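Participant: Structure incoming, see below.
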Amino acid sequence: MATDATDGFALYIHWPFCLSKCPYCDFNSHVRETIDEARWRVALLRELDSVAALTPGRTVASIFFGGGTPSLMAPATVAALLDRVAGHWGLAPDVEITLEANPTSVETARLAEIRAGGVNRVSLGVQALDDTALQFLGRGHSAAEALNAVRTAASLFDRYSFDLIYGRPEQTVADWAGELHEALCHIGDHLSVYQLTLEPGTPFHTLWRRGKLDPLDEDVAATLFEATQDKLEAAGLPAYEISNHAAPGAASHHNLNYWRYGDYAGIGPGAHGRLTLDGAKVATQRIRNPEAWLGQVEARGDGGEATEPLDVDTQFSEMMLMGLRLAEGVPIARICNFHGRGLDDAFDPIRLEFLIRNEFLEQTGGSLRTTAAGRTRLDAVIAHLLN
């Protein structure tokens, strides 16, 4: 089974540069003393052209500028990219155009120009509302600057969101409850909250291996997760995905397209994509190193490193890995359509029955979805279901 090529699809545009590298970050982000932005603008436009040649007639449902720190891009670069997108594809009437931004005073001052250039939603990397925590996380802004950025975003954009990181070493339930309360005084209709993880290759992971950083106790982290779900749901922002909360109808279009296993094209260094081409689903990947990507785009028009056809079993596994993160789950009809068989044929019936009986999964409203207990053990649930 493959996604219908007439369906809407999404574009992800990656800007790989940051002013500094945060110690928890394992994204494809880099610090450079100087950047020839005019050269980068041309290269990103060329890669858009190459993707457009492969996907004619599609309708863009969402565009997401991620990074790195895309708010460091000149607003004119953002506007040029959006103009090129509109020239290549149709845009959905409610197209969502999101740009990630850091809440420093310099980047906040650019938000009005970014809005004028066509962005209609902004996602702010607040990460904490406590100055000591921000310093620990390596952020370049204060809590006051963060709240000022949120207020500015609220005055310019109908839709905005911001991120918070919890589960920090020595963080207490009371500390986090106070931070969430402060966040809810400023949030609109969407909030992303992520537990701190010590990803391999990051400075935090190195400190942990050297015995210089102790992660939060697992039981406390679980309590924080449950308290987060309860508090945000009570505030009218239930989780539509494990780390993303929104008021009804306010979920990020881009997030939903990704977790529902829709088509999306990745533009820029290290960007991944999933596209339906000639009736087959393929995985695409761009060169990670910014300079290597730039050189290849200039030489041949795109920075592609690999295009890999995905067999039905791989597509099925990816769809389930994505969809079970969502509160809505995966439609049972879609599960069955992959193999043209019933639900008990798609999975080992003994394993499926075990997960349902122990209330980690449930069948409801025509979907298979994780329960609250299942979402706290998602990796184990998926491994048991699919292996």
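FYI, nothing fancy with the structure tokens labels: chains A, B, ... in order, residues from 1 per chain, ligands from 1 as they appear.
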What lies within 10 Å of region 105-119 of chain A using only C-alpha atoms, ignoring chain neighbours under 3 positions off, as a ChimeraX atom specification?
Facilitator: /A:63-65,69-83,96-99,101-102,122,124,140-142,145-146,148-153,155-157
Participant: Would you list, as a PyMOL selection string, the residues of region 128-174 of chain A that end up in helix (DSSP H, G or I) under DSSP run on this structure's backbone?
Facilitator: chain A and resi 131-136+143-156+173-174
Participant: Can you list, as a VMD selection string, every protein, DNA or RNA residue that comes within 8 Å of region 220-232 of chain A when you count only C-alpha atoms, leaving out same-chain residues fewer than 2 positions away?
Facilitator: chain A and resid 166 to 167 172 to 173 176 to 177 180 195 216 to 218 234 to 239 245 376
Participant: Could you please determine the separation between CA of Ile13 (chain A) and CA of Val330 (chain A) in Å, to one decimal place?
Facilitator: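 Computing the Euclidean distance for CA of Ile13 (chain A) and CA of Val330 (chain A) yields 26.9 Å.
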Participant: Please, what distance in Å, to one decimal, runs between CA of Asn289 (chain A) and CA of Pro269 (chain A)?
Facilitator: 6.4 Å
Participant: Hey, what's within 10 Å of Asp94 (chain A) if we count only C-alpha atoms and toss same-chain stuff fewer than 6 positions away? As an NGL selection string, please?
Facilitator: :A and (60-62 or 253)
Participant: Could you write out that same residue set with N, CA and C atoms as a compact mmCIF listing (two decimals), in the first residue's frame?
Facilitator:
```txt
# COMPACT_ATOMS: atom_id res chain seq x y z
N VAL A 60 0.24 21.39 -1.43
CA VAL A 60 1.00 21.53 -0.20
C VAL A 60 0.06 21.86 0.95
N ALA A 61 0.03 20.99 1.96
CA ALA A 61 -0.81 21.20 3.12
C ALA A 61 -0.08 21.93 4.24
N SER A 62 1.24 21.74 4.31
CA SER A 62 2.01 22.42 5.35
C SER A 62 3.46 22.59 4.90
N HIS A 253 -0.72 20.97 11.68
CA HIS A 253 -0.97 20.21 10.46
C HIS A 253 0.27 19.40 10.08
```
